[in-house]
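Below is one structure, written out as structure tokens; the observations come after it.
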Amino acid sequence: MSDSPAPMHPTAVVAFLAGCGLPAAWAQQPQWRILDTGFASGAIAGLDFLATWSAWRTDPARCQLLHYVATAAQVPSADMLRQQIAPSHPLAPLLAELAAQCWGLLPGVHRLRFDGGRVTLTLLLGDTQAMLRQQDMEVDSVYLGNDSAAPPNLHTLKAIARACRRGTRLAGPAASAQTLKDLKQCGFVVADGADTDTDASTSPAPLQATYNPAWEPRKAPLWPQSALAERPHTATPGKAVIIGAGIAGSACAQQLALRGWQVTVLDAASHPAAGASALPAGIFAPHTSSDDSVLSRITRAGLRTTVQWAHTLLQEGQDWQMTGVLERRLAQVPDDEVAAHADDTTAPTAPKTEATTNRLGAHAMPASWQTPALADAATAWSQPASPTQLQAQQLPADDPALWHTHAGWLRPAALVQALLQQPGIRFQGGAKVAHIQRSESESAKEAPWTVLDDAGHTLAAADLVVICAGPQSLALSAAFTPQALPLQPIRGQVSWAELDGAATTQQTPNPINGHGSWLPQCQLNPGGDAAASTPVTGWVMGSSFERDVDALPPGPETVAAAHHANWAKLQTLLPQASQSYARGFATAHTWAQVRCASADRLPVVGPLVQDAGDSGGVWVCTAMGSRGLTWAMLSAELLAARLHGEPLPIGNGVAKSLSSDRFCAGTNKEQKQ
């Protein structure tokens, strides 16, 4: 590689940025959305994104958020990306940030985040036409990648047009006569010059066009046509109230504040992270299934989101750590853990055959992951554990286990505290919400929703209310749904102890899950409140799984039984290594709280009631179950994207599987009167 900087790609600077009127067009805008259909088609993959990102960084009038959506058949590996340009190139620092996030890029939708989340790169890996149908978005600019060997066909251009608003500008290198004809057929008005024949001595003019069809564009809505869908495409930031200061609530607060909302977070407790998010420490890890189920895909997307925000907000080694996690694929697991963790969503009382038991217990990887094209990306997520990794845990070298590379532990309370410290967020403790109702005062237009306590006193008024109250979400949402959301409280108890010097030398090397979760050494919060307690080095084992139980604290007999069950799980996970913890386990501490899960064991994210005005309504983000560390950050971003009509951080199919619309399609329209 030459030591001299590579020349700036002319396509990025002239045909794309200038052709779309950038950066002037995004000046002072709350958001700007760009679609790039040739992310990896040029000589230097991603250079158009890097040039745009660089222009955004240096523009004092830049938009508040920059969404860059790019399609590609595949993205080069991180090492290949780093080798594209010399270290002295002006874009080399940005390329290094991009390359650091380019791991595990399997086919599908991947959201990468930069500059504190103000720049997002959504990679759609696959066929451009098919992948654009995986998004419900409206973009402001289009960078039309034009591979001379495979120019975009009419169907691809129709998919691009579907993502445009009237006035969206499109730019690219010189296009063929057929491409120009197809663009016109799709509703684009081609600029003078690009639509003119040239002789052999004249350089073809760069392509510039504007989406301005002679007809009124129509497209099928992504979300159900009900009371939930009757709103403007984009909400205007105003005042928002979040009910619940756990991971889900603090993540929603952070995402809304990032978009300009003034956010008040209410919680009945005196401090944030007082409920299930007070877990001393927890594991984040991917989920695998032979059919790559929705559960597996959302867990991977959520894990990537959590890791990116942990890098941004937390101190590695103190608040979280990427240690890798070993997962033992046990032949049988109890019904409760099947319901909590497996990809199967059948009733736990259904008869088990040998085939279903093996499928539920052994989370197999998709067969396609073994192909040369996907092996490297798949390995970044999960792979069979090596004999060395197994022997380190005193397990047989042929034990059927998986190794998850991008996995580890995190202190939930530390993440909650960091999220709530972002500008534009105010926490109000001791605020137990009992009712949400439409405002009747003269100022209702400014704050149409009022949040009340059980005495009828107003706690807050806002344009948008988001319910993130765990088990209490069921009661708070009941007034806005024709039937109760299928939410279930699940009490869980972990066992934990502080490590002394002797115990530290005996510890197993990495976290393990598969039948409960074992964290042999981490920083943990004994009291849950990250602001008030000092982390200690210790271990955590859990958790019990008690359906439809929300009583706290558990009685002495229940505490003892759950503690004994956690010890039994550890012995199952580590038959030999667990014995060194027998004495410490006998005198360990316990911690219990109540989680919230949905009937299909997936999060519930979306609207309950939406305002007819240019504001929010009442939304919900709950049911994180046993996977709050991997789901909450992604769910909050999905909620914000839906509210603002942004490109989604996941594919349409997965987003619909998580939406409140799946339960609330018949929302009572009287609530909108």
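To be explicit about the labels: the chains of the structure tokens are called A, B, and onward in the order shown, and within each one the residues are counted from 1, while ligands get numbers from 1 in the order they are shown.
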
Skipping near chain neighbours, those fewer than 6 positions away, what residues fall within 7 Å of stretch 615-621 of chain A using only C-alpha atoms, listed as an mmCIF file with all heavy atoms, in the first residue's frame?
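Here's the written file around-v5.cif:
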```cif
data_model
loop_
_atom_site.group_PDB
_atom_site.id
_atom_site.type_symbol
_atom_site.label_atom_id
_atom_site.label_comp_id
_atom_site.auth_asym_id
_atom_site.auth_seq_id
_atom_site.Cartn_x
_atom_site.Cartn_y
_atom_site.Cartn_z
ATOM 1 N N ALA A 235 -43.359 12.545 13.853
ATOM 2 C CA ALA A 235 -43.731 13.305 15.038
ATOM 3 C C ALA A 235 -42.792 14.493 15.218
ATOM 4 O O ALA A 235 -41.636 14.457 14.811
ATOM 5 C CB ALA A 235 -43.689 12.416 16.271
ATOM 6 N N THR A 236 -43.309 15.554 15.831
ATOM 7 C CA THR A 236 -42.507 16.725 16.144
ATOM 8 C C THR A 236 -42.069 16.653 17.598
ATOM 9 O O THR A 236 -42.900 16.497 18.488
ATOM 10 C CB THR A 236 -43.328 18.011 15.932
ATOM 11 O OG1 THR A 236 -43.725 18.086 14.567
ATOM 12 C CG2 THR A 236 -42.508 19.238 16.304
ATOM 13 N N ALA A 248 -35.308 -0.303 29.898
ATOM 14 C CA ALA A 248 -36.176 0.075 28.788
ATOM 15 C C ALA A 248 -36.539 1.554 28.856
ATOM 16 O O ALA A 248 -36.472 2.269 27.852
ATOM 17 C CB ALA A 248 -37.437 -0.783 28.794
ATOM 18 N N ASP A 463 -46.691 15.669 25.431
ATOM 19 C CA ASP A 463 -47.207 15.315 24.106
ATOM 20 C C ASP A 463 -47.160 13.811 23.881
ATOM 21 O O ASP A 463 -47.945 13.265 23.108
ATOM 22 C CB ASP A 463 -46.363 15.988 23.015
ATOM 23 C CG ASP A 463 -46.283 17.483 23.196
ATOM 24 O OD1 ASP A 463 -47.309 18.148 22.992
ATOM 25 O OD2 ASP A 463 -45.197 17.990 23.561
ATOM 26 N N LEU A 464 -46.207 13.163 24.544
ATOM 27 C CA LEU A 464 -45.959 11.739 24.330
ATOM 28 C C LEU A 464 -45.756 11.066 25.672
ATOM 29 O O LEU A 464 -45.028 11.582 26.529
ATOM 30 C CB LEU A 464 -44.700 11.556 23.460
ATOM 31 C CG LEU A 464 -44.128 10.151 23.339
ATOM 32 C CD1 LEU A 464 -45.071 9.238 22.560
ATOM 33 C CD2 LEU A 464 -42.750 10.188 22.657
ATOM 34 N N VAL A 465 -46.391 9.916 25.858
ATOM 35 C CA VAL A 465 -46.193 9.101 27.053
ATOM 36 C C VAL A 465 -45.739 7.720 26.597
ATOM 37 O O VAL A 465 -46.357 7.122 25.706
ATOM 38 C CB VAL A 465 -47.482 8.979 27.886
ATOM 39 C CG1 VAL A 465 -47.251 8.079 29.100
ATOM 40 C CG2 VAL A 465 -47.969 10.349 28.329
ATOM 41 N N VAL A 466 -44.660 7.225 27.189
ATOM 42 C CA VAL A 466 -44.158 5.890 26.861
ATOM 43 C C VAL A 466 -44.161 5.055 28.135
ATOM 44 O O VAL A 466 -43.530 5.417 29.133
ATOM 45 C CB VAL A 466 -42.739 5.936 26.260
ATOM 46 C CG1 VAL A 466 -42.307 4.527 25.835
ATOM 47 C CG2 VAL A 466 -42.679 6.882 25.070
ATOM 48 N N ILE A 467 -44.883 3.944 28.092
ATOM 49 C CA ILE A 467 -44.999 3.045 29.242
ATOM 50 C C ILE A 467 -43.887 2.014 29.184
ATOM 51 O O ILE A 467 -43.828 1.193 28.270
ATOM 52 C CB ILE A 467 -46.373 2.347 29.249
ATOM 53 C CG1 ILE A 467 -47.496 3.382 29.301
ATOM 54 C CG2 ILE A 467 -46.477 1.376 30.418
ATOM 55 C CD1 ILE A 467 -48.886 2.794 29.091
ATOM 56 N N CYS A 468 -42.988 2.081 30.162
ATOM 57 C CA CYS A 468 -41.851 1.144 30.255
ATOM 58 C C CYS A 468 -41.780 0.629 31.686
ATOM 59 O O CYS A 468 -40.709 0.605 32.297
ATOM 60 C CB CYS A 468 -40.548 1.840 29.891
ATOM 61 S SG CYS A 468 -40.541 2.708 28.321
ATOM 62 N N VAL A 604 -42.608 -5.926 23.450
ATOM 63 C CA VAL A 604 -43.788 -5.231 22.928
ATOM 64 C C VAL A 604 -43.400 -3.767 22.761
ATOM 65 O O VAL A 604 -43.152 -3.070 23.749
ATOM 66 C CB VAL A 604 -44.988 -5.370 23.879
ATOM 67 C CG1 VAL A 604 -46.201 -4.631 23.319
ATOM 68 C CG2 VAL A 604 -45.321 -6.843 24.107
ATOM 69 N N VAL A 605 -43.343 -3.309 21.511
ATOM 70 C CA VAL A 605 -42.840 -1.966 21.204
ATOM 71 C C VAL A 605 -43.762 -1.304 20.196
ATOM 72 O O VAL A 605 -43.999 -1.849 19.119
ATOM 73 C CB VAL A 605 -41.415 -2.026 20.613
ATOM 74 C CG1 VAL A 605 -40.895 -0.613 20.341
ATOM 75 C CG2 VAL A 605 -40.475 -2.792 21.522
ATOM 76 N N GLY A 606 -44.289 -0.139 20.544
ATOM 77 C CA GLY A 606 -45.104 0.579 19.573
ATOM 78 C C GLY A 606 -46.220 1.364 20.223
ATOM 79 O O GLY A 606 -46.270 1.558 21.435
ATOM 80 N N PRO A 607 -47.171 1.844 19.411
ATOM 81 C CA PRO A 607 -48.220 2.729 19.906
ATOM 82 C C PRO A 607 -49.392 1.971 20.501
ATOM 83 O O PRO A 607 -49.739 0.870 20.084
ATOM 84 C CB PRO A 607 -48.652 3.476 18.639
ATOM 85 C CG PRO A 607 -48.423 2.484 17.541
ATOM 86 C CD PRO A 607 -47.208 1.704 17.939
ATOM 87 N N LEU A 608 -50.013 2.588 21.495
ATOM 88 C CA LEU A 608 -51.321 2.167 21.982
ATOM 89 C C LEU A 608 -52.381 3.130 21.469
ATOM 90 O O LEU A 608 -53.442 2.732 21.021
ATOM 91 C CB LEU A 608 -51.340 2.128 23.509
ATOM 92 C CG LEU A 608 -50.372 1.141 24.166
ATOM 93 C CD1 LEU A 608 -50.438 1.253 25.676
ATOM 94 C CD2 LEU A 608 -50.641 -0.286 23.716
ATOM 95 N N VAL A 609 -52.073 4.418 21.532
ATOM 96 C CA VAL A 609 -52.925 5.470 20.965
ATOM 97 C C VAL A 609 -52.007 6.492 20.326
ATOM 98 O O VAL A 609 -50.996 6.873 20.911
ATOM 99 C CB VAL A 609 -53.777 6.158 22.057
ATOM 100 C CG1 VAL A 609 -54.511 7.364 21.472
ATOM 101 C CG2 VAL A 609 -54.783 5.181 22.635
ATOM 102 N N SER A 635 -34.888 -1.964 21.246
ATOM 103 C CA SER A 635 -36.325 -1.678 21.292
ATOM 104 C C SER A 635 -36.587 -0.179 21.380
ATOM 105 O O SER A 635 -37.513 0.344 20.741
ATOM 106 C CB SER A 635 -36.958 -2.398 22.482
ATOM 107 O OG SER A 635 -36.878 -3.805 22.339
#
```

task = Within 9 Å of A:Ala599, counting only C-alpha atoms, which residues show up once you throw out same-chain ones fewer than 6 positions away? Write them as an NGL selection string, please.
result = :A and (345 or 485-488)

Write out as a compact mmCIF listing (two decimals) with N, CA, C and O atoms, in the first residue's frame all residues of stretch 203-296 of chain A that backbone DSSP assigns to strand (DSSP E or B).
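Here's the written file selection.txt:
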```
# COMPACT_ATOMS: atom_id res chain seq x y z
N LEU A 207 -25.24 11.98 -13.44
CA LEU A 207 -26.68 11.86 -13.33
C LEU A 207 -27.21 12.69 -12.17
O LEU A 207 -26.70 12.61 -11.05
N GLN A 208 -28.23 13.48 -12.44
CA GLN A 208 -28.97 14.20 -11.40
C GLN A 208 -30.45 14.11 -11.74
O GLN A 208 -30.84 14.29 -12.90
N ALA A 209 -31.27 13.83 -10.74
CA ALA A 209 -32.70 13.70 -10.97
C ALA A 209 -33.45 14.04 -9.68
O ALA A 209 -32.88 14.01 -8.59
N THR A 210 -34.72 14.34 -9.82
CA THR A 210 -35.58 14.66 -8.68
C THR A 210 -36.84 13.82 -8.76
O THR A 210 -37.45 13.71 -9.83
N TYR A 211 -37.24 13.26 -7.64
CA TYR A 211 -38.46 12.46 -7.62
C TYR A 211 -39.66 13.39 -7.56
O TYR A 211 -39.90 14.08 -6.56
N LYS A 239 -42.63 17.56 24.54
CA LYS A 239 -42.43 17.04 25.88
C LYS A 239 -42.84 15.57 25.92
O LYS A 239 -43.90 15.21 25.44
N ALA A 240 -41.99 14.75 26.52
CA ALA A 240 -42.26 13.32 26.64
C ALA A 240 -42.15 12.90 28.09
O ALA A 240 -41.29 13.40 28.83
N VAL A 241 -43.00 11.97 28.48
CA VAL A 241 -42.93 11.36 29.80
C VAL A 241 -42.68 9.87 29.61
O VAL A 241 -43.39 9.20 28.86
N ILE A 242 -41.67 9.37 30.29
CA ILE A 242 -41.38 7.94 30.31
C ILE A 242 -41.77 7.41 31.68
O ILE A 242 -41.35 7.95 32.71
N ILE A 243 -42.57 6.36 31.71
CA ILE A 243 -42.98 5.76 32.98
C ILE A 243 -42.13 4.52 33.20
O ILE A 243 -42.28 3.51 32.52
N GLN A 262 -37.84 16.92 25.15
CA GLN A 262 -37.57 17.21 26.56
C GLN A 262 -38.25 16.11 27.36
O GLN A 262 -39.47 16.00 27.36
N VAL A 263 -37.47 15.28 28.03
CA VAL A 263 -37.96 14.03 28.59
C VAL A 263 -37.97 14.06 30.11
O VAL A 263 -36.96 14.42 30.74
N THR A 264 -39.10 13.68 30.70
CA THR A 264 -39.20 13.46 32.15
C THR A 264 -39.41 11.97 32.37
O THR A 264 -40.32 11.37 31.79
N VAL A 265 -38.58 11.37 33.21
CA VAL A 265 -38.67 9.95 33.53
C VAL A 265 -39.23 9.82 34.94
O VAL A 265 -38.65 10.31 35.91
N LEU A 266 -40.38 9.16 35.06
CA LEU A 266 -41.05 8.97 36.35
C LEU A 266 -40.84 7.54 36.85
O LEU A 266 -40.91 6.60 36.07
N GLY A 282 -25.36 -8.91 34.81
CA GLY A 282 -25.98 -9.89 33.94
C GLY A 282 -25.14 -10.18 32.71
O GLY A 282 -24.18 -9.47 32.41
N ILE A 283 -25.53 -11.23 32.00
CA ILE A 283 -24.82 -11.66 30.79
C ILE A 283 -25.56 -11.17 29.56
O ILE A 283 -26.79 -11.19 29.51
N PHE A 284 -24.82 -10.73 28.55
CA PHE A 284 -25.39 -10.51 27.23
C PHE A 284 -24.71 -11.48 26.27
O PHE A 284 -23.50 -11.66 26.29
```

query = With only C-alpha atoms as the basis for distance, which of A:Pro151, A:Pro412, A:Gly555, A:Gly42 is at the shortest distance from A:Ser250?
reply = A:Pro412

query = Which residue, A:Arg111, A:Lys219, A:His271, A:His404, has the smallest gap to A:Gln428 when you use only C-alpha atoms?
reply = A:His271

Name the residues in contact with A:Gln134 at a cut-off of 9 Å, using only C-alpha atoms, excluding same-chain residues fewer than 3 positions from it; report them as a tab-separated table (two decimals) with all heavy atoms, in the first residue's frame.
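Written output follows (part39.tsv):
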```tsv
chain	number	residue	atom	x	y	z
A	108	GLY	N	-28.77	-9.51	5.77
A	108	GLY	CA	-29.86	-8.91	6.53
A	108	GLY	C	-29.58	-7.45	6.84
A	108	GLY	O	-28.83	-6.77	6.13
A	109	VAL	N	-30.17	-6.96	7.92
A	109	VAL	CA	-30.11	-5.54	8.30
A	109	VAL	C	-29.17	-5.37	9.49
A	109	VAL	O	-29.31	-6.09	10.49
A	109	VAL	CB	-31.51	-5.00	8.64
A	109	VAL	CG1	-31.44	-3.53	9.03
A	109	VAL	CG2	-32.47	-5.21	7.48
A	124	LEU	N	-27.91	-2.81	4.48
A	124	LEU	CA	-28.87	-3.79	3.99
A	124	LEU	C	-28.10	-4.74	3.09
A	124	LEU	O	-27.81	-4.42	1.94
A	124	LEU	CB	-29.99	-3.10	3.21
A	124	LEU	CG	-30.67	-1.90	3.88
A	124	LEU	CD1	-31.78	-1.34	2.99
A	124	LEU	CD2	-31.23	-2.27	5.24
A	130	ALA	N	-34.69	-6.58	-3.06
A	130	ALA	CA	-35.29	-7.34	-1.96
A	130	ALA	C	-35.07	-6.64	-0.62
A	130	ALA	O	-35.96	-6.59	0.22
A	130	ALA	CB	-34.71	-8.75	-1.93
A	131	MET	N	-33.87	-6.09	-0.40
A	131	MET	CA	-33.56	-5.49	0.89
A	131	MET	C	-34.31	-4.18	1.10
A	131	MET	O	-34.68	-3.84	2.23
A	131	MET	CB	-32.05	-5.26	1.02
A	131	MET	CG	-31.23	-6.54	1.08
A	131	MET	SD	-31.83	-7.73	2.31
A	131	MET	CE	-31.71	-6.79	3.81
A	648	LEU	N	-35.75	1.87	9.77
A	648	LEU	CA	-35.80	0.99	10.93
A	648	LEU	C	-34.44	0.33	11.18
A	648	LEU	O	-33.72	0.03	10.23
A	648	LEU	CB	-36.86	-0.09	10.72
A	648	LEU	CG	-38.30	0.39	10.48
A	648	LEU	CD1	-39.23	-0.80	10.28
A	648	LEU	CD2	-38.77	1.26	11.61
A	650	ILE	N	-34.01	-2.63	12.16
A	650	ILE	CA	-34.16	-4.05	11.85
A	650	ILE	C	-35.10	-4.16	10.65
A	650	ILE	O	-35.73	-3.19	10.26
A	650	ILE	CB	-34.72	-4.85	13.04
A	650	ILE	CG1	-35.97	-4.16	13.61
A	650	ILE	CG2	-33.67	-5.03	14.12
A	650	ILE	CD1	-36.59	-4.84	14.80
A	651	GLY	N	-35.20	-5.36	10.07
A	651	GLY	CA	-36.06	-5.56	8.92
A	651	GLY	C	-37.54	-5.46	9.28
A	651	GLY	O	-37.94	-5.61	10.43
A	652	ASN	N	-38.37	-5.20	8.26
A	652	ASN	CA	-39.80	-5.05	8.48
A	652	ASN	C	-40.41	-6.23	9.21
A	652	ASN	O	-41.20	-6.07	10.15
A	652	ASN	CB	-40.51	-4.89	7.14
A	652	ASN	CG	-40.32	-3.53	6.52
A	652	ASN	OD1	-39.69	-2.66	7.12
A	652	ASN	ND2	-40.84	-3.34	5.33
A	653	GLY	N	-40.08	-7.44	8.77
A	653	GLY	CA	-40.69	-8.63	9.35
A	653	GLY	C	-40.41	-8.76	10.83
A	653	GLY	O	-41.31	-9.08	11.62
```

task = Write out as a PyMOL selection string all residues of stretch 450-589 of chain A that backbone DSSP assigns to alpha helix (DSSP H).
result = chain A and resi 473-477+501-506+556-573+582-586

Keeping only N, CA and C atoms, take the residues you just selected and write them out as a short mmCIF file (atom, residue, chain, number, x, y, z; two decimals), in the first residue's frame.
```cif
data_model
loop_
_atom_site.label_atom_id
_atom_site.label_comp_id
_atom_site.auth_asym_id
_atom_site.auth_seq_id
_atom_site.Cartn_x
_atom_site.Cartn_y
_atom_site.Cartn_z
N SER A 473 -46.83 -2.34 33.48
CA SER A 473 -47.27 -1.90 32.15
C SER A 473 -48.64 -2.45 31.81
N LEU A 474 -48.98 -3.62 32.33
CA LEU A 474 -50.27 -4.24 32.05
C LEU A 474 -51.41 -3.35 32.52
N ALA A 475 -51.37 -2.89 33.76
CA ALA A 475 -52.45 -2.05 34.30
C ALA A 475 -52.48 -0.68 33.62
N LEU A 476 -51.31 -0.08 33.38
CA LEU A 476 -51.27 1.26 32.80
C LEU A 476 -51.75 1.28 31.36
N SER A 477 -51.57 0.19 30.64
CA SER A 477 -51.98 0.14 29.23
C SER A 477 -53.43 -0.29 29.06
N GLY A 501 -9.62 -12.94 47.90
CA GLY A 501 -8.42 -13.30 47.16
C GLY A 501 -8.34 -14.78 46.85
N ALA A 502 -8.68 -15.63 47.82
CA ALA A 502 -8.58 -17.08 47.61
C ALA A 502 -9.58 -17.54 46.56
N ALA A 503 -10.80 -16.99 46.61
CA ALA A 503 -11.82 -17.41 45.66
C ALA A 503 -11.46 -16.97 44.24
N THR A 504 -10.80 -15.83 44.12
CA THR A 504 -10.44 -15.34 42.80
C THR A 504 -9.50 -16.30 42.09
N THR A 505 -8.61 -16.92 42.81
CA THR A 505 -7.67 -17.86 42.18
C THR A 505 -8.34 -19.14 41.75
N GLN A 506 -9.55 -19.45 42.28
CA GLN A 506 -10.25 -20.68 41.94
C GLN A 506 -11.29 -20.48 40.85
N PRO A 556 -39.03 -16.53 53.29
CA PRO A 556 -37.78 -17.24 53.59
C PRO A 556 -37.69 -18.61 52.93
N GLU A 557 -38.78 -19.37 52.92
CA GLU A 557 -38.74 -20.70 52.31
C GLU A 557 -38.52 -20.60 50.80
N THR A 558 -39.17 -19.62 50.17
CA THR A 558 -38.99 -19.43 48.73
C THR A 558 -37.56 -19.02 48.41
N VAL A 559 -37.01 -18.12 49.21
CA VAL A 559 -35.63 -17.68 49.01
C VAL A 559 -34.68 -18.87 49.11
N ALA A 560 -34.87 -19.70 50.12
CA ALA A 560 -33.99 -20.86 50.31
C ALA A 560 -34.13 -21.84 49.16
N ALA A 561 -35.35 -22.07 48.69
CA ALA A 561 -35.56 -23.02 47.60
C ALA A 561 -34.93 -22.51 46.30
N ALA A 562 -35.08 -21.21 46.01
CA ALA A 562 -34.49 -20.66 44.79
C ALA A 562 -32.96 -20.68 44.86
N HIS A 563 -32.42 -20.40 46.04
CA HIS A 563 -30.97 -20.44 46.21
C HIS A 563 -30.44 -21.85 45.99
N HIS A 564 -31.14 -22.84 46.52
CA HIS A 564 -30.75 -24.23 46.31
C HIS A 564 -30.85 -24.60 44.83
N ALA A 565 -31.90 -24.10 44.15
CA ALA A 565 -32.05 -24.39 42.72
C ALA A 565 -30.92 -23.77 41.91
N ASN A 566 -30.49 -22.57 42.29
CA ASN A 566 -29.37 -21.95 41.58
C ASN A 566 -28.09 -22.77 41.76
N TRP A 567 -27.88 -23.30 42.95
CA TRP A 567 -26.72 -24.15 43.19
C TRP A 567 -26.80 -25.42 42.34
N ALA A 568 -27.99 -25.99 42.22
CA ALA A 568 -28.16 -27.19 41.39
C ALA A 568 -27.87 -26.87 39.92
N LYS A 569 -28.29 -25.69 39.45
CA LYS A 569 -28.02 -25.31 38.07
C LYS A 569 -26.52 -25.16 37.82
N LEU A 570 -25.82 -24.56 38.77
CA LEU A 570 -24.37 -24.41 38.61
C LEU A 570 -23.71 -25.78 38.53
N GLN A 571 -24.16 -26.71 39.33
CA GLN A 571 -23.59 -28.05 39.29
C GLN A 571 -23.87 -28.74 37.95
N THR A 572 -25.02 -28.43 37.36
CA THR A 572 -25.33 -28.99 36.04
C THR A 572 -24.45 -28.36 34.97
N LEU A 573 -24.27 -27.04 35.05
CA LEU A 573 -23.43 -26.36 34.07
C LEU A 573 -21.97 -26.79 34.18
N ALA A 582 -18.66 -24.53 46.52
CA ALA A 582 -19.67 -25.08 47.43
C ALA A 582 -19.74 -24.29 48.74
N ARG A 583 -18.61 -24.01 49.34
CA ARG A 583 -18.62 -23.31 50.62
C ARG A 583 -19.12 -21.88 50.44
N GLY A 584 -18.65 -21.20 49.41
CA GLY A 584 -19.08 -19.83 49.19
C GLY A 584 -20.56 -19.74 48.85
N PHE A 585 -21.08 -20.72 48.13
CA PHE A 585 -22.48 -20.70 47.77
C PHE A 585 -23.37 -20.84 49.00
N ALA A 586 -22.91 -21.63 49.97
CA ALA A 586 -23.73 -21.88 51.17
C ALA A 586 -24.00 -20.59 51.95
#
```
